[in-house]
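What follows is the content of start.pdb (PDB, C-alpha atoms and all ligand atoms).
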ATOM      1  CA  MET A   1      15.251 -16.746  10.668
ATOM      2  CA  GLN A   2      13.486 -13.417  10.874
ATOM      3  CA  THR A   3      12.382 -12.147   7.478
ATOM      4  CA  TRP A   4       9.563  -9.727   8.252
ATOM      5  CA  ASP A   5      10.047  -7.263  11.127
ATOM      6  CA  PRO A   6       7.022  -6.346  13.287
ATOM      7  CA  TYR A   7       6.454  -3.012  11.503
ATOM      8  CA  THR A   8       6.234  -4.687   8.102
ATOM      9  CA  ARG A   9       3.817  -7.291   9.442
ATOM     10  CA  ILE A  10       1.542  -4.750  11.114
ATOM     11  CA  TRP A  11       1.758  -2.626   7.965
ATOM     12  CA  HIS A  12       0.666  -5.567   5.806
ATOM     13  CA  TRP A  13      -2.391  -6.580   7.831
ATOM     14  CA  LEU A  14      -3.452  -2.951   8.401
ATOM     15  CA  LEU A  15      -3.175  -2.425   4.655
ATOM     16  CA  MET A  16      -5.458  -5.384   4.057
ATOM     17  CA  LEU A  17      -8.044  -4.089   6.553
ATOM     18  CA  GLY A  18      -7.765  -0.562   5.118
ATOM     19  CA  ILE A  19      -8.437  -1.729   1.569
ATOM     20  CA  ILE A  20     -11.443  -3.784   2.701
ATOM     21  CA  PHE A  21     -12.804  -0.736   4.551
ATOM     22  CA  GLN A  22     -12.253   1.490   1.494
ATOM     23  CA  TYR A  23     -14.190  -0.933  -0.659
ATOM     24  CA  ILE A  24     -17.117  -1.092   1.763
ATOM     25  CA  SER A  25     -17.191   2.653   2.474
ATOM     26  CA  GLY A  26     -16.668   3.669  -1.179
ATOM     27  CA  GLU A  27     -18.900   1.171  -2.964
ATOM     28  CA  ILE A  28     -21.516  -0.058  -0.503
ATOM     29  CA  LEU A  29     -22.233   2.418   2.293
ATOM     30  CA  ASP A  30     -23.421   5.948   1.537
ATOM     31  CA  ASP A  31     -22.784   7.609   4.898
ATOM     32  CA  GLN A  32     -19.163   6.629   5.548
ATOM     33  CA  ILE A  33     -17.427   8.914   3.093
ATOM     34  CA  GLN A  34     -15.711  11.022   5.742
ATOM     35  CA  ASN A  35     -14.262   7.903   7.359
ATOM     36  CA  HIS A  36     -13.373   6.736   3.849
ATOM     37  CA  ALA A  37     -11.296   9.892   3.397
ATOM     38  CA  ILE A  38      -9.627   9.544   6.808
ATOM     39  CA  VAL A  39      -8.652   5.911   6.150
ATOM     40  CA  GLY A  40      -7.524   7.002   2.654
ATOM     41  CA  TYR A  41      -5.168   9.573   4.213
ATOM     42  CA  GLY A  42      -3.908   6.807   6.496
ATOM     43  CA  LEU A  43      -3.223   4.575   3.495
ATOM     44  CA  LEU A  44      -1.371   7.403   1.773
ATOM     45  CA  GLY A  45       0.782   7.759   4.886
ATOM     46  CA  MET A  46       1.350   3.999   4.915
ATOM     47  CA  MET A  47       2.613   4.083   1.332
ATOM     48  CA  THR A  48       5.055   6.849   2.228
ATOM     49  CA  PHE A  49       6.166   4.764   5.197
ATOM     50  CA  ARG A  50       6.753   1.712   2.994
ATOM     51  CA  VAL A  51       8.865   3.697   0.530
ATOM     52  CA  LEU A  52      11.044   5.088   3.341
ATOM     53  CA  TRP A  53      11.145   1.670   5.032
ATOM     54  CA  GLY A  54      12.286   0.168   1.737
ATOM     55  CA  VAL A  55      15.333   2.425   1.930
ATOM     56  CA  ILE A  56      16.313   2.500   5.603
ATOM     57  CA  GLY A  57      14.464  -0.523   7.031
ATOM     58  CA  PRO A  58      15.974  -3.971   7.684
ATOM     59  CA  GLU A  59      17.829  -5.448   4.713
ATOM     60  CA  THR A  60      15.171  -8.091   3.920
ATOM     61  CA  ILE A  61      12.599  -5.349   3.305
ATOM     62  CA  ARG A  62      14.753  -2.982   1.247
ATOM     63  CA  PHE A  63      13.994  -2.438  -2.429
ATOM     64  CA  ALA A  64      17.682  -2.800  -3.209
ATOM     65  CA  THR A  65      17.551  -6.336  -1.800
ATOM     66  CA  PHE A  66      14.573  -7.699  -3.669
ATOM     67  CA  ILE A  67      13.991  -5.692  -6.867
ATOM     68  CA  PRO A  68      15.258  -8.101  -9.536
ATOM     69  CA  THR A  69      17.402  -7.359 -12.558
ATOM     70  CA  PRO A  70      15.741  -8.329 -15.883
ATOM     71  CA  THR A  71      18.033 -11.375 -16.123
ATOM     72  CA  HIS A  72      17.152 -12.492 -12.632
ATOM     73  CA  LEU A  73      13.458 -12.066 -13.388
ATOM     74  CA  LEU A  74      13.769 -14.095 -16.588
ATOM     75  CA  THR A  75      15.666 -16.872 -14.825
ATOM     76  CA  TYR A  76      12.905 -17.033 -12.250
ATOM     77  CA  ILE A  77      10.034 -16.960 -14.746
ATOM     78  CA  THR A  78      11.571 -19.650 -16.934
ATOM     79  CA  GLY A  79      11.870 -21.854 -13.856
ATOM     80  CA  LYS A  80      15.667 -22.063 -13.942
ATOM     81  CA  GLN A  81      15.839 -20.802 -10.367
ATOM     82  CA  SER A  82      12.994 -21.493  -8.028
ATOM     83  CA  THR A  83      14.657 -21.811  -4.611
ATOM     84  CA  PRO A  84      12.423 -20.326  -1.932
ATOM     85  CA  TYR A  85      13.492 -16.791  -1.170
ATOM     86  CA  ALA A  86      14.135 -15.382   2.295
ATOM     87  CA  THR A  87      12.624 -12.130   1.038
ATOM     88  CA  HIS A  88      10.225 -11.561  -1.921
ATOM     89  CA  ASN A  89      10.733 -13.647  -5.045
ATOM     90  CA  PRO A  90      11.258 -11.616  -8.276
ATOM     91  CA  LEU A  91       7.587 -11.688  -9.318
ATOM     92  CA  GLY A  92       6.461 -10.892  -5.770
ATOM     93  CA  ALA A  93       8.852  -7.938  -5.824
ATOM     94  CA  LEU A  94       7.097  -6.529  -8.900
ATOM     95  CA  ALA A  95       3.750  -7.015  -7.175
ATOM     96  CA  VAL A  96       4.978  -5.014  -4.164
ATOM     97  CA  LEU A  97       5.953  -2.126  -6.471
ATOM     98  CA  GLY A  98       2.612  -2.416  -8.281
ATOM     99  CA  PHE A  99       0.671  -2.255  -5.011
ATOM    100  CA  ILE A 100       2.586   0.815  -3.845
ATOM    101  CA  VAL A 101       2.098   2.704  -7.130
ATOM    102  CA  ILE A 102      -1.619   1.851  -7.417
ATOM    103  CA  ILE A 103      -2.405   2.732  -3.808
ATOM    104  CA  PHE A 104      -0.520   6.032  -4.208
ATOM    105  CA  ILE A 105      -2.627   6.827  -7.298
ATOM    106  CA  GLN A 106      -5.786   5.780  -5.489
ATOM    107  CA  SER A 107      -5.250   7.852  -2.376
ATOM    108  CA  LEU A 108      -3.862  10.923  -4.185
ATOM    109  CA  SER A 109      -6.759  10.935  -6.667
ATOM    110  CA  GLY A 110      -9.113  10.778  -3.673
ATOM    111  CA  LEU A 111      -7.957  14.269  -2.692
ATOM    112  CA  PHE A 112      -9.716  15.597  -5.806
ATOM    113  CA  MET A 113     -12.993  13.715  -5.225
ATOM    114  CA  THR A 114     -16.395  14.810  -4.026
ATOM    115  CA  ASP A 115     -19.577  12.854  -3.386
ATOM    116  CA  ASP A 116     -21.564  16.063  -4.011
ATOM    117  CA  ILE A 117     -23.276  15.684  -0.607
ATOM    118  CA  PHE A 118     -21.191  15.151   2.513
ATOM    119  CA  PHE A 119     -17.625  15.423   1.386
ATOM    120  CA  THR A 120     -15.321  17.434  -0.843
ATOM    121  CA  GLY A 121     -11.655  16.457  -1.095
ATOM    122  CA  PRO A 122      -9.078  19.115  -0.136
ATOM    123  CA  LEU A 123      -7.833  19.552  -3.727
ATOM    124  CA  HIS A 124     -11.217  19.238  -5.446
ATOM    125  CA  SER A 125     -11.433  22.790  -6.729
ATOM    126  CA  TRP A 126      -7.758  23.213  -7.581
ATOM    127  CA  LEU A 127      -7.832  22.055 -11.220
ATOM    128  CA  THR A 128     -10.355  22.608 -14.004
ATOM    129  CA  GLY A 129     -13.522  20.490 -14.035
ATOM    130  CA  ASP A 130     -12.335  18.373 -16.984
ATOM    131  CA  ILE A 131      -9.107  17.354 -15.320
ATOM    132  CA  THR A 132     -10.879  16.704 -12.035
ATOM    133  CA  ASP A 133     -13.311  14.437 -13.926
ATOM    134  CA  ILE A 134     -10.427  12.444 -15.350
ATOM    135  CA  ILE A 135      -8.871  12.110 -11.893
ATOM    136  CA  THR A 136     -12.235  11.012 -10.501
ATOM    137  CA  ARG A 137     -12.468   8.281 -13.128
ATOM    138  CA  MET A 138      -8.913   7.308 -12.232
ATOM    139  CA  HIS A 139     -10.087   6.744  -8.629
ATOM    140  CA  ASP A 140     -12.567   4.225  -9.984
ATOM    141  CA  TRP A 141     -10.368   2.304 -12.428
ATOM    142  CA  ALA A 142      -7.327   2.283 -10.162
ATOM    143  CA  PHE A 143      -9.475   0.430  -7.645
ATOM    144  CA  ASN A 144     -10.405  -2.203 -10.227
ATOM    145  CA  LEU A 145      -6.717  -2.636 -10.993
ATOM    146  CA  LEU A 146      -6.008  -2.880  -7.273
ATOM    147  CA  LEU A 147      -8.644  -5.619  -6.914
ATOM    148  CA  LEU A 148      -7.029  -7.535  -9.769
ATOM    149  CA  PHE A 149      -3.660  -7.282  -8.014
ATOM    150  CA  VAL A 150      -5.197  -8.455  -4.735
ATOM    151  CA  VAL A 151      -6.777 -11.505  -6.404
ATOM    152  CA  ILE A 152      -3.510 -12.433  -8.151
ATOM    153  CA  HIS A 153      -1.570 -11.777  -4.923
ATOM    154  CA  ILE A 154      -3.759 -14.059  -2.815
ATOM    155  CA  ALA A 155      -3.764 -16.754  -5.520
ATOM    156  CA  ALA A 156       0.058 -16.586  -5.723
ATOM    157  CA  VAL A 157       0.424 -16.739  -1.931
ATOM    158  CA  LEU A 158      -1.918 -19.749  -1.738
ATOM    159  CA  TYR A 159      -0.086 -21.450  -4.619
ATOM    160  CA  HIS A 160       3.227 -21.128  -2.754
ATOM    161  CA  ARG A 161       1.542 -22.080   0.514
ATOM    162  CA  PHE A 162       0.381 -25.404  -0.933
ATOM    163  CA  THR A 163       3.493 -26.181  -2.987
ATOM    164  CA  THR A 164       7.003 -25.084  -2.030
ATOM    165  CA  GLU A 165       6.514 -22.715   0.918
ATOM    166  CA  PRO A 166       3.977 -24.067   3.435
ATOM    167  CA  TYR A 167       5.175 -21.499   6.009
ATOM    168  CA  ILE A 168       4.603 -18.404   3.797
ATOM    169  CA  ILE A 169       1.418 -17.066   5.423
ATOM    170  CA  LYS A 170       2.550 -17.913   8.953
ATOM    171  CA  ALA A 171       5.754 -15.961   8.225
ATOM    172  CA  MET A 172       3.691 -12.800   7.647
ATOM    173  CA  LEU A 173       2.287 -13.329  11.160
ATOM    174  CA  THR A 174       5.362 -14.463  13.099
ATOM    175  CA  GLY A 175       8.078 -12.882  10.934
ATOM    176  CA  HIS A 176      10.045 -16.121  10.570
ATOM    177  CA  LYS A 177      10.825 -18.211   7.514
ATOM    178  CA  PRO A 178      12.810 -21.447   8.021
ATOM    179  CA  ILE A 179      15.430 -20.236   5.526
ATOM    180  CA  ALA A 180      18.985 -19.311   6.452
ATOM    181  CA  HIS A 181      20.131 -15.976   5.044
ATOM    182  CA  ASN A 182      22.979 -13.507   5.345
ATOM    183  CA  TYR A 183      20.944 -10.318   5.317
ATOM    184  CA  GLN A 184      22.001  -7.896   8.000
ATOM    185  CA  THR A 185      19.590  -7.433  10.865
ATOM    186  CA  LEU A 186      19.145  -4.204  12.820
ATOM    187  CA  THR A 187      19.472  -3.971  16.592
ATOM    188  CA  THR A 188      16.162  -3.488  18.408
ATOM    189  CA  LEU A 189      16.992   0.168  19.070
ATOM    190  CA  GLN A 190      17.929   0.812  15.433
ATOM    191  CA  LEU A 191      14.752  -0.895  14.264
ATOM    192  CA  HIS A 192      12.448   1.205  16.454
ATOM    193  CA  LEU A 193      14.277   4.487  15.869
ATOM    194  CA  ARG A 194      14.251   4.078  12.108
ATOM    195  CA  ALA A 195      10.638   2.923  12.027
ATOM    196  CA  TRP A 196       9.449   5.861  14.130
ATOM    197  CA  LEU A 197      11.441   8.259  11.984
ATOM    198  CA  CYS A 198       9.586   6.894   8.928
ATOM    199  CA  ILE A 199       6.245   7.102  10.773
ATOM    200  CA  LEU A 200       6.976  10.690  11.815
ATOM    201  CA  ILE A 201       7.895  11.814   8.290
ATOM    202  CA  SER A 202       4.824  10.076   6.823
ATOM    203  CA  THR A 203       2.532  11.711   9.395
ATOM    204  CA  ILE A 204       3.983  15.178   8.835
ATOM    205  CA  LYS A 205       3.519  14.731   5.104
ATOM    206  CA  ILE A 206      -0.202  13.962   5.509
ATOM    207  CA  VAL A 207      -0.809  16.798   7.967
ATOM    208  CA  VAL A 208       0.896  19.301   5.654
ATOM    209  CA  LEU A 209      -0.861  17.958   2.565
ATOM    210  CA  ILE A 210      -4.315  18.221   4.082
ATOM    211  CA  ASN A 211      -3.999  21.290   6.253
ATOM    212  CA  TYR A 212      -1.561  23.593   4.487
ATOM    213  CA  VAL A 213      -1.181  22.658   0.824
ATOM    214  CA  PRO A 214      -4.761  23.681  -0.143
ATOM    215  CA  GLU A 215      -4.156  27.099   1.402
ATOM    216  CA  TRP A 216      -0.771  27.461  -0.344
ATOM    217  CA  LEU A 217      -2.487  26.600  -3.635
ATOM    218  CA  GLY A 218      -5.085  29.293  -2.958
ATOM    219  CA  ILE A 219      -7.997  26.850  -2.738
ATOM    220  CA  GLU A 220     -11.069  28.380  -1.092
ATOM    221  CA  ASP A 221     -12.228  26.746   2.125
ATOM    222  CA  GLU A 222     -14.666  23.934   1.377
ATOM    223  CA  LEU A 223     -16.084  21.085   3.340
ATOM    224  CA  TRP A 224     -12.896  19.141   3.676
ATOM    225  CA  TYR A 225     -11.030  17.417   6.462
TER     226      TYR A 225
HETATM  227  C1  LIG B   1      -6.247  -6.256   0.368
HETATM  228  C2  LIG B   1      -5.523  -7.335   0.565
HETATM  229  C3  LIG B   1      -4.016  -7.414   0.507
HETATM  230  C4  LIG B   1      -3.090  -6.508   0.077
HETATM  231  C5  LIG B   1      -3.329  -5.102  -0.502
HETATM  232  C6  LIG B   1      -1.783  -7.105   0.273
HETATM  233  C7  LIG B   1      -0.582  -6.488  -0.039
HETATM  234  C8  LIG B   1       0.671  -7.021   0.182
HETATM  235  C9  LIG B   1       1.919  -6.329  -0.007
HETATM  236  C10 LIG B   1       2.056  -4.884  -0.494
HETATM  237  C11 LIG B   1       2.908  -7.188   0.320
HETATM  238  C12 LIG B   1       4.409  -6.873   0.333
HETATM  239  C13 LIG B   1       4.814  -6.600   1.765
HETATM  240  C14 LIG B   1       6.045  -5.707   1.859
HETATM  241  O1  LIG B   1       7.055  -5.946   1.209
HETATM  242  O2  LIG B   1       5.991  -4.744   2.613
HETATM  243  C15 LIG B   1       2.312  -8.442   0.704
HETATM  244  C16 LIG B   1       3.000  -9.573   1.101
HETATM  245  C17 LIG B   1       2.399 -10.735   1.531
HETATM  246  N1  LIG B   1       1.040 -10.957   1.667
HETATM  247 FE1  LIG B   1      -0.444  -9.663   1.222
HETATM  248  N2  LIG B   1      -1.941  -8.360   0.796
HETATM  249  C18 LIG B   1      -3.283  -8.583   0.948
HETATM  250  C19 LIG B   1      -3.887  -9.713   1.448
HETATM  251  C20 LIG B   1      -3.207 -10.846   1.845
HETATM  252  C21 LIG B   1      -3.837 -12.048   2.339
HETATM  253  C22 LIG B   1      -5.350 -12.253   2.513
HETATM  254  C23 LIG B   1      -2.839 -12.916   2.614
HETATM  255  C24 LIG B   1      -2.918 -14.327   3.139
HETATM  256  C25 LIG B   1      -3.652 -15.238   2.587
HETATM  257  C26 LIG B   1      -1.581 -12.273   2.293
HETATM  258  C27 LIG B   1      -0.356 -12.834   2.446
HETATM  259  C28 LIG B   1       0.842 -12.221   2.149
HETATM  260  C29 LIG B   1       2.135 -12.876   2.314
HETATM  261  C30 LIG B   1       2.365 -14.285   2.818
HETATM  262  C31 LIG B   1       3.100 -11.945   1.904
HETATM  263  C32 LIG B   1       4.623 -12.164   1.844
HETATM  264  C33 LIG B   1       4.928 -12.830   0.538
HETATM  265  C34 LIG B   1       6.385 -13.263   0.437
HETATM  266  O3  LIG B   1       6.840 -14.034   1.298
HETATM  267  O4  LIG B   1       7.049 -12.803  -0.496
HETATM  268  N3  LIG B   1      -1.847 -11.002   1.824
HETATM  269  N4  LIG B   1       0.945  -8.310   0.621
HETATM  270  C1  LIG B   2      -6.191   3.845  -0.995
HETATM  271  C2  LIG B   2      -7.106   4.699  -0.736
HETATM  272  C3  LIG B   2      -8.499   4.670  -1.328
HETATM  273  C4  LIG B   2      -9.228   3.634  -1.872
HETATM  274  C5  LIG B   2      -8.815   2.181  -2.018
HETATM  275  C6  LIG B   2     -10.501   4.179  -2.311
HETATM  276  C7  LIG B   2     -11.511   3.464  -2.932
HETATM  277  C8  LIG B   2     -12.712   3.996  -3.380
HETATM  278  C9  LIG B   2     -13.741   3.281  -4.063
HETATM  279  C10 LIG B   2     -13.699   1.785  -4.387
HETATM  280  C11 LIG B   2     -14.738   4.152  -4.352
HETATM  281  C12 LIG B   2     -16.059   3.856  -5.092
HETATM  282  C13 LIG B   2     -15.893   4.277  -6.528
HETATM  283  C14 LIG B   2     -17.175   4.260  -7.295
HETATM  284  O1  LIG B   2     -18.222   3.997  -6.723
HETATM  285  O2  LIG B   2     -17.117   4.563  -8.475
HETATM  286  C15 LIG B   2     -14.356   5.447  -3.854
HETATM  287  C16 LIG B   2     -15.102   6.600  -3.949
HETATM  288  C17 LIG B   2     -14.773   7.805  -3.375
HETATM  289  N1  LIG B   2     -13.594   8.076  -2.711
HETATM  290 FE1  LIG B   2     -12.066   6.809  -2.377
HETATM  291  N2  LIG B   2     -10.518   5.525  -2.012
HETATM  292  C18 LIG B   2      -9.320   5.856  -1.407
HETATM  293  C19 LIG B   2      -8.921   7.082  -0.939
HETATM  294  C20 LIG B   2      -9.731   8.205  -0.923
HETATM  295  C21 LIG B   2      -9.369   9.476  -0.351
HETATM  296  C22 LIG B   2      -8.004   9.793   0.311
HETATM  297  C23 LIG B   2     -10.436  10.309  -0.531
HETATM  298  C24 LIG B   2     -10.609  11.743  -0.143
HETATM  299  C25 LIG B   2      -9.727  12.482   0.426
HETATM  300  C26 LIG B   2     -11.466   9.564  -1.216
HETATM  301  C27 LIG B   2     -12.686  10.062  -1.581
HETATM  302  C28 LIG B   2     -13.655   9.390  -2.274
HETATM  303  C29 LIG B   2     -14.919   9.991  -2.690
HETATM  304  C30 LIG B   2     -15.379  11.416  -2.419
HETATM  305  C31 LIG B   2     -15.611   9.000  -3.388
HETATM  306  C32 LIG B   2     -16.971   9.141  -4.079
HETATM  307  C33 LIG B   2     -18.059   8.551  -3.253
HETATM  308  C34 LIG B   2     -19.404   8.738  -3.927
HETATM  309  O3  LIG B   2     -19.468   9.232  -5.046
HETATM  310  O4  LIG B   2     -20.357   8.361  -3.280
HETATM  311  N3  LIG B   2     -10.994   8.278  -1.447
HETATM  312  N4  LIG B   2     -13.106   5.328  -3.271
END
File written out as structure tokens:
Amino acid sequence: MQTWDPYTRIWHWLLMLGIIFQYISGEILDDQIQNHAIVGYGLLGMMTFRVLWGVIGPETIRFATFIPTPTHLLTYITGKQSTPYATHNPLGALAVLGFIVIIFIQSLSGLFMTDDIFFTGPLHSWLTGDITDIITRMHDWAFNLLLLFVVIHIAAVLYHRFTTEPYIIKAMLTGHKPIAHNYQTLTTLQLHLRAWLCILISTIKIVVLINYVPEWLGIEDELWY
């Protein structure tokens, strides 16, 4: 049955590509910082999308469906309930929240960054130097935390792939898990309308944040996108 709708699947693989690009453009290449910022804005928009999608998207993808209660989490961790889940398992659910929070921190802190040569983030001169320094360090350590999450995530996916859920990776490509469930599905029209509403709100948020917020905060024009 369908577990992951097309928007969630595209979101997931775009996220993976985006993070790889951010690593290469932030750590390895020196001349890609403007593209780094643009992809960073995109990732910020994608996080906003995922939060909205987790509220009005299909039932399998909603936070209310998969965020576990402490008891449920404990039952899962102690191995008392390990049935494959049609949506995220309780630990996977925590990882999803972790990813969203870290990537929010990462992309928002980016707005305060500068490489001192080609690029100055739109909010760079808003706060005092000390606070901006702390935020800049946050951009660095949040990425290390993100890498740790990615490693654990891939290890967990592979573990399930080779034990109880051989279809798990394929499901993120095709959308289908061979597990019957009673979650409500949306009609095709509902799915597209809701997804595009989330995309629209996320896009407006980025445009306003980059183009208007600095002016509202009285930040002098600098070299920002
Ligand atoms: C930078 C790399 C990656 C990041 C940041 C990432 C992030 C995520 C996130 C946030 C979710 C939750 C999806 C949602 O609820 O919207 C997820 C699910 C998933 N990811 Fe990744 N992912 C990455 C790489 C990979 C790779 C390389 C694979 C395959 C080997 C993979 C396989 C999966 C699968 C199978 C799920 C669904 C798990 C389940 O059924 O509960 N991911 N990933
Ligand atoms: C999820 C989104 C993002 C990720 C994963 C990410 C990741 C990274 C990484 C790994 C570095 C290298 C850190 C280091 O060398 O210490 C970096 C540096 C940087 N990032 Fe980001 N970043 C993101 C978003 C942004 C955004 C939105 C902006 C600006 C609007 C930005 C601006 C910068 C700048 C200016 C640097 C410093 C480059 C230098 O000093 O050469 N980042 N980022």
Once the PyMOL selection byres (((not hetatm)) within 6 of (chain B and resi 1)) has been evaluated on this model, what residues remain selected, and can you format them as a list in words?
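Taken on the displayed file, the PyMOL selection byres (((not hetatm)) within 6 of (chain B and resi 1)) yields the residues Thr8, His12, Leu15, Met16, Ile19, Ile61, Thr87, His88, Asn89, Gly92, Val96, Phe99, Val150, Ile154, Val157, Ile168, Ile169 and Met172 of chain A.
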Report, in Å to a single decimal, how far apart atom CA of A:Leu146 and atom CA of A:Asp133 are.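 Separation of atom CA of A:Asp133 and atom CA of A:Leu146: 19.9 Å.
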What would the list of residues within 12 Å of (-18.6, 2.2, 0.0) (file frame) look like as a list in words, if all atoms listed in the file are what count?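 These residues have at least one counted atom within 12 Å: Ile19, Ile20, Phe21, Gln22, Tyr23, Ile24, Ser25, Gly26, Glu27, Ile28, Leu29, Asp30, Asp31, Gln32, Ile33, Gln34, Asn35, His36, Ala37, Asp115 and Asp140 of chain A.
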Padded axis-aligned box of stretch 59-73 of chain A (4 Å per side), centre and edge lengths, Å, one decimal, as AutoDock Vina command-line options:
--center_x 15.3 --center_y -7.5 --center_z -5.7 --size_x 13.4 --size_y 18.1 --size_z 28.8
Using only C-alpha atoms and all ligand atoms, the best pick from A:Val207, A:Ile38, A:Val51, A:Val213 as closest to ligand LIG 2 (chain B) would be A:Ile38
*Counting all atoms listed in the file, the option among A:Thr48, A:Asn144, A:Thr65, A:Thr3 closest to ligand LIG 2 (chain B)*: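 The shortest atom-to-atom distance to ligand LIG 2 (chain B) comes from A:Asn144.
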In terms of all atoms listed in the file, the residue from A:Phe149, A:Leu91, A:Trp11, A:Met47 at minimal distance from A:Thr75 is A:Leu91
Next on the checklist: I need the residue nearest A:Ala156 from this list: A:Leu74, A:Leu44, A:Ile67, A:Ala95. Use only C-alpha atoms for the distance.
Outcome noted: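 Ranked by minimum distance to A:Ala156, first place goes to A:Ala95.
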Completion of stretch 150-170 of chain A up to N, CA and C atoms, as a PDB file, in the frame of the given file:
ATOM      1  N   VAL A 150      -4.934  -7.739  -5.991  1.00  0.00           N
ATOM      2  CA  VAL A 150      -5.197  -8.455  -4.735  1.00  0.00           C
ATOM      3  C   VAL A 150      -5.539  -9.920  -5.041  1.00  0.00           C
ATOM      4  N   VAL A 151      -6.378 -10.134  -6.067  1.00  0.00           N
ATOM      5  CA  VAL A 151      -6.777 -11.505  -6.404  1.00  0.00           C
ATOM      6  C   VAL A 151      -5.541 -12.320  -6.824  1.00  0.00           C
ATOM      7  N   ILE A 152      -4.712 -11.717  -7.696  1.00  0.00           N
ATOM      8  CA  ILE A 152      -3.510 -12.433  -8.151  1.00  0.00           C
ATOM      9  C   ILE A 152      -2.573 -12.688  -6.956  1.00  0.00           C
ATOM     10  N   HIS A 153      -2.448 -11.664  -6.094  1.00  0.00           N
ATOM     11  CA  HIS A 153      -1.570 -11.777  -4.923  1.00  0.00           C
ATOM     12  C   HIS A 153      -1.990 -12.943  -4.031  1.00  0.00           C
ATOM     13  N   ILE A 154      -3.294 -13.009  -3.725  1.00  0.00           N
ATOM     14  CA  ILE A 154      -3.759 -14.059  -2.815  1.00  0.00           C
ATOM     15  C   ILE A 154      -3.622 -15.433  -3.491  1.00  0.00           C
ATOM     16  N   ALA A 155      -3.921 -15.478  -4.800  1.00  0.00           N
ATOM     17  CA  ALA A 155      -3.764 -16.754  -5.520  1.00  0.00           C
ATOM     18  C   ALA A 155      -2.297 -17.201  -5.490  1.00  0.00           C
ATOM     19  N   ALA A 156      -1.369 -16.238  -5.704  1.00  0.00           N
ATOM     20  CA  ALA A 156       0.058 -16.586  -5.723  1.00  0.00           C
ATOM     21  C   ALA A 156       0.510 -17.057  -4.340  1.00  0.00           C
ATOM     22  N   VAL A 157       0.039 -16.347  -3.303  1.00  0.00           N
ATOM     23  CA  VAL A 157       0.424 -16.739  -1.931  1.00  0.00           C
ATOM     24  C   VAL A 157      -0.090 -18.156  -1.641  1.00  0.00           C
ATOM     25  N   LEU A 158      -1.356 -18.422  -2.019  1.00  0.00           N
ATOM     26  CA  LEU A 158      -1.918 -19.749  -1.738  1.00  0.00           C
ATOM     27  C   LEU A 158      -1.185 -20.839  -2.546  1.00  0.00           C
ATOM     28  N   TYR A 159      -0.828 -20.485  -3.797  1.00  0.00           N
ATOM     29  CA  TYR A 159      -0.086 -21.450  -4.619  1.00  0.00           C
ATOM     30  C   TYR A 159       1.228 -21.847  -3.908  1.00  0.00           C
ATOM     31  N   HIS A 160       1.958 -20.824  -3.433  1.00  0.00           N
ATOM     32  CA  HIS A 160       3.227 -21.128  -2.754  1.00  0.00           C
ATOM     33  C   HIS A 160       2.977 -21.854  -1.430  1.00  0.00           C
ATOM     34  N   ARG A 161       1.888 -21.464  -0.777  1.00  0.00           N
ATOM     35  CA  ARG A 161       1.542 -22.080   0.514  1.00  0.00           C
ATOM     36  C   ARG A 161       1.340 -23.591   0.347  1.00  0.00           C
ATOM     37  N   PHE A 162       0.696 -23.988  -0.769  1.00  0.00           N
ATOM     38  CA  PHE A 162       0.381 -25.404  -0.933  1.00  0.00           C
ATOM     39  C   PHE A 162       1.384 -26.152  -1.813  1.00  0.00           C
ATOM     40  N   THR A 163       2.455 -25.462  -2.232  1.00  0.00           N
ATOM     41  CA  THR A 163       3.493 -26.181  -2.987  1.00  0.00           C
ATOM     42  C   THR A 163       4.826 -26.119  -2.235  1.00  0.00           C
ATOM     43  N   THR A 164       5.625 -25.086  -2.555  1.00  0.00           N
ATOM     44  CA  THR A 164       7.003 -25.084  -2.030  1.00  0.00           C
ATOM     45  C   THR A 164       7.210 -24.387  -0.691  1.00  0.00           C
ATOM     46  N   GLU A 165       6.264 -23.496  -0.292  1.00  0.00           N
ATOM     47  CA  GLU A 165       6.514 -22.715   0.918  1.00  0.00           C
ATOM     48  C   GLU A 165       5.329 -22.762   1.892  1.00  0.00           C
ATOM     49  N   PRO A 166       5.144 -23.918   2.560  1.00  0.00           N
ATOM     50  CA  PRO A 166       3.977 -24.067   3.435  1.00  0.00           C
ATOM     51  C   PRO A 166       3.930 -23.040   4.579  1.00  0.00           C
ATOM     52  N   TYR A 167       5.082 -22.436   4.866  1.00  0.00           N
ATOM     53  CA  TYR A 167       5.175 -21.499   6.009  1.00  0.00           C
ATOM     54  C   TYR A 167       4.881 -20.055   5.602  1.00  0.00           C
ATOM     55  N   ILE A 168       4.566 -19.782   4.317  1.00  0.00           N
ATOM     56  CA  ILE A 168       4.603 -18.404   3.797  1.00  0.00           C
ATOM     57  C   ILE A 168       3.616 -17.463   4.513  1.00  0.00           C
ATOM     58  N   ILE A 169       2.408 -17.952   4.785  1.00  0.00           N
ATOM     59  CA  ILE A 169       1.418 -17.066   5.423  1.00  0.00           C
ATOM     60  C   ILE A 169       1.774 -16.878   6.902  1.00  0.00           C
ATOM     61  N   LYS A 170       2.160 -17.989   7.535  1.00  0.00           N
ATOM     62  CA  LYS A 170       2.550 -17.913   8.953  1.00  0.00           C
ATOM     63  C   LYS A 170       3.700 -16.919   9.137  1.00  0.00           C
TER      64      LYS A 170
END
